[in-house]
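The next block holds one structure in the form of structure tokens; read it before the comments.
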Amino acid sequence: MKALIPIAMLFLIACANEPEIEQINPLQAEKEQLNQSLVNAQHNLAEREAYLAKLNDQMDALLPKLDLATNTEEKVELQKKMEFIGERISAYENSVAQLQSALKTEERKAREVKDDLQVAMDALADQEAEIELLVFELQNDGEHIAELQRHLDELEMRENITAKINAERLVAIGSKDELVEEGLIARKGLPLFRRTELKLDEAKNVDWKTIDMRAVNRIPMYSKEASVHSEHPNTSFDFSADEEGMLTLEINDPMEFWSLSKCLVIEIE
């Protein structure tokens with residue numbers, strides 16, 4: 001499973017595009033506005049050029065009539081019409097020239113905006129490519145981190161298992177006869193001078209109870225009498241009794257208590 005990119009890093013990557021996007025959006029809006037202005041200007045110019053052509057046709061049509069006119073009044077009337085049409089032609093020629101100049105200006109602005117927009121789009125594409133590479137590298141780093149984390153988890157699990165094993169201690173509690181039968185203790189000497197010796201190395205078929213020395217500090221005896229056969233510092237433990245006189249082994253210092261032996265053998269009555 002690929003490691004997830006941290007949310008903060010994703011936020012930074014997303015923010016990296018914001019300057020370019022903030023630059024592109026207004027440029028795109030300006031480009032659209034200029035394109036619409038160009039369309040309108042081209043339409044107006046076409047209309048005025050068409051009307052100018054119509055006026056020129058009217059002027060061309062009046063010139064032969066003026067040459068053929070014999071009546072002075074008719075000539076004057078024709079000249080007035082031609083002067084009026086000439087003024088209109090001049091006005092429309094000036095208007096067309098202004099529109100053509102404005103159209104060139106709009107076309108130049110449109111080209112500049114188009115070029116600026118292309119530069120911004122190219123910069124955004126380059127930045128997106130860099131971000132894609134960064135994401136790829138982060139994913140690879142994430143996989144390496146995840147693999148390292150798995151190794152650390154395995155190591156921690158092994159350490160926990162090792163610590164648990166190292167903390168395991170064996171406890172055997174029973175009557176004298178039970179402990180003798182299991183081979184944990186042996187009676188030595190004559191009846192009047194008989195003593196009990198611990199035989200951990202020779203014990204077989206012992207019903208050991210396993211405890212964790214880190215967690216167990218009290219062991220109930222369920223007996224009113226108890227004696228410890230295994231070797232433990234005297235200062236590291238005590239016996240306490242409840243209201244009925246039942247004893248409980250109280251381990252005061254686990255490290256000291258288990259320093260001499262990992263096995264606890266207790267004889268009860």
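We label chains A, B, ... in the order they appear in the structure tokens, count residues from 1 in each chain, and number ligands from 1 in the order shown.
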(request) Using only C-alpha atoms, determine which residues lie at most 12 Å from stretch 81-96 of chain A, disregarding the query and same-chain residues fewer than 2 positions distant; provide the list as an NGL selection string. (result) :A and (41-66 or 74-79 or 98-103)
Requested write-out: C-alpha atoms of the selected residues, as a PDB file, in the first residue's frame:
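Once written, out_33.pdb looks like this:
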ATOM      1  CA  ALA A  41     -15.257  46.288 -34.372  1.00  0.00           C
ATOM      2  CA  GLN A  42     -14.958  44.069 -37.442  1.00  0.00           C
ATOM      3  CA  HIS A  43     -18.759  44.058 -37.809  1.00  0.00           C
ATOM      4  CA  ASN A  44     -18.959  47.878 -37.514  1.00  0.00           C
ATOM      5  CA  LEU A  45     -16.094  48.302 -39.958  1.00  0.00           C
ATOM      6  CA  ALA A  46     -17.737  45.998 -42.455  1.00  0.00           C
ATOM      7  CA  GLU A  47     -21.007  47.935 -42.202  1.00  0.00           C
ATOM      8  CA  ARG A  48     -19.294  51.308 -42.703  1.00  0.00           C
ATOM      9  CA  GLU A  49     -17.160  50.002 -45.569  1.00  0.00           C
ATOM     10  CA  ALA A  50     -20.327  48.663 -47.247  1.00  0.00           C
ATOM     11  CA  TYR A  51     -22.119  52.001 -46.789  1.00  0.00           C
ATOM     12  CA  LEU A  52     -19.026  53.870 -48.081  1.00  0.00           C
ATOM     13  CA  ALA A  53     -19.008  51.668 -51.157  1.00  0.00           C
ATOM     14  CA  LYS A  54     -22.716  52.474 -51.674  1.00  0.00           C
ATOM     15  CA  LEU A  55     -21.986  56.213 -51.455  1.00  0.00           C
ATOM     16  CA  ASN A  56     -19.167  55.869 -53.958  1.00  0.00           C
ATOM     17  CA  ASP A  57     -21.542  54.023 -56.289  1.00  0.00           C
ATOM     18  CA  GLN A  58     -24.054  56.889 -55.934  1.00  0.00           C
ATOM     19  CA  MET A  59     -21.317  59.409 -56.706  1.00  0.00           C
ATOM     20  CA  ASP A  60     -20.225  57.432 -59.737  1.00  0.00           C
ATOM     21  CA  ALA A  61     -23.848  57.338 -60.910  1.00  0.00           C
ATOM     22  CA  LEU A  62     -24.244  61.170 -60.591  1.00  0.00           C
ATOM     23  CA  LEU A  63     -21.111  62.093 -62.529  1.00  0.00           C
ATOM     24  CA  PRO A  64     -22.489  61.069 -65.970  1.00  0.00           C
ATOM     25  CA  LYS A  65     -25.785  62.826 -65.212  1.00  0.00           C
ATOM     26  CA  LEU A  66     -23.889  66.020 -64.361  1.00  0.00           C
ATOM     27  CA  GLU A  74     -30.582  70.508 -62.699  1.00  0.00           C
ATOM     28  CA  LYS A  75     -26.796  70.907 -62.638  1.00  0.00           C
ATOM     29  CA  VAL A  76     -26.979  72.875 -59.378  1.00  0.00           C
ATOM     30  CA  GLU A  77     -29.191  70.230 -57.827  1.00  0.00           C
ATOM     31  CA  LEU A  78     -26.855  67.479 -58.982  1.00  0.00           C
ATOM     32  CA  GLN A  79     -23.830  69.365 -57.646  1.00  0.00           C
ATOM     33  CA  GLN A  98     -10.485  55.397 -37.201  1.00  0.00           C
ATOM     34  CA  LEU A  99     -12.141  51.996 -36.974  1.00  0.00           C
ATOM     35  CA  GLN A 100      -9.275  50.397 -38.871  1.00  0.00           C
ATOM     36  CA  SER A 101      -6.778  52.041 -36.507  1.00  0.00           C
ATOM     37  CA  ALA A 102      -8.791  50.978 -33.444  1.00  0.00           C
ATOM     38  CA  LEU A 103      -9.111  47.480 -34.866  1.00  0.00           C
TER      39      LEU A 103
END
(request) Skip stretch 209-225 of chain A itself and residues of its chain fewer than 2 positions away, then list as a PyMOL selection string all residues within 8 Å of it, counting only C-alpha atoms. (result) chain A and resi 164+167-173+207+227+241+245-252+254+268-269
Atoms kept (C-alpha atoms) for selection, written as a compact mmCIF listing (two decimals), in the first residue's frame:
# COMPACT_ATOMS: atom_id res chain seq x y z
CA LYS A 164 8.16 -10.47 27.67
CA ALA A 167 10.23 -10.94 32.15
CA GLU A 168 8.72 -14.42 32.40
CA ARG A 169 9.20 -16.15 35.75
CA LEU A 170 8.21 -19.64 36.91
CA VAL A 171 6.17 -20.21 40.06
CA ALA A 172 5.44 -23.51 41.76
CA ILE A 173 3.28 -23.59 44.90
CA ASP A 207 3.29 -27.79 36.94
CA SER A 227 7.76 -21.06 53.27
CA ALA A 241 -2.36 -12.06 55.87
CA GLY A 245 -5.16 -15.51 58.03
CA MET A 246 -4.65 -16.47 54.38
CA LEU A 247 -1.18 -15.41 53.25
CA THR A 248 -0.17 -13.41 50.16
CA LEU A 249 3.41 -13.01 48.97
CA GLU A 250 4.15 -9.31 48.55
CA ILE A 251 7.10 -8.56 46.23
CA ASN A 252 8.52 -5.21 47.31
CA PRO A 254 10.82 -7.17 41.64
CA ILE A 268 2.27 -24.41 51.74
CA GLU A 269 0.32 -26.40 54.32
(request) Please run DSSP on the backbone and report, as a VMD selection string, all residues within stretch 164-239 of chain A that come out as alpha helix (DSSP H). (result) chain A and resid 164 to 167 176 to 181
Dump of N, CA and C atoms for the selected residues, as a compact mmCIF listing (two decimals), in the first residue's frame:
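Everything below was put into out.txt:
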# COMPACT_ATOMS: atom_id res chain seq x y z
N LYS A 164 9.13 -9.62 26.98
CA LYS A 164 8.16 -10.47 27.67
C LYS A 164 8.81 -11.78 28.10
N ILE A 165 9.61 -12.35 27.18
CA ILE A 165 10.29 -13.60 27.52
C ILE A 165 11.25 -13.37 28.68
N ASN A 166 11.99 -12.27 28.64
CA ASN A 166 12.94 -11.97 29.71
C ASN A 166 12.24 -11.69 31.03
N ALA A 167 10.98 -11.25 30.93
CA ALA A 167 10.23 -10.94 32.15
C ALA A 167 9.46 -12.14 32.69
N LYS A 176 4.42 -30.07 50.68
CA LYS A 176 5.74 -30.70 50.67
C LYS A 176 5.71 -31.96 49.82
N ASP A 177 4.68 -32.77 49.99
CA ASP A 177 4.60 -34.02 49.24
C ASP A 177 4.51 -33.74 47.73
N GLU A 178 3.73 -32.70 47.33
CA GLU A 178 3.60 -32.37 45.91
C GLU A 178 4.94 -31.89 45.34
N LEU A 179 5.64 -31.09 46.11
CA LEU A 179 6.93 -30.58 45.63
C LEU A 179 7.97 -31.69 45.55
N VAL A 180 7.92 -32.63 46.51
CA VAL A 180 8.83 -33.78 46.48
C VAL A 180 8.51 -34.65 45.27
N GLU A 181 7.22 -34.89 45.02
CA GLU A 181 6.81 -35.73 43.90
C GLU A 181 7.26 -35.13 42.56
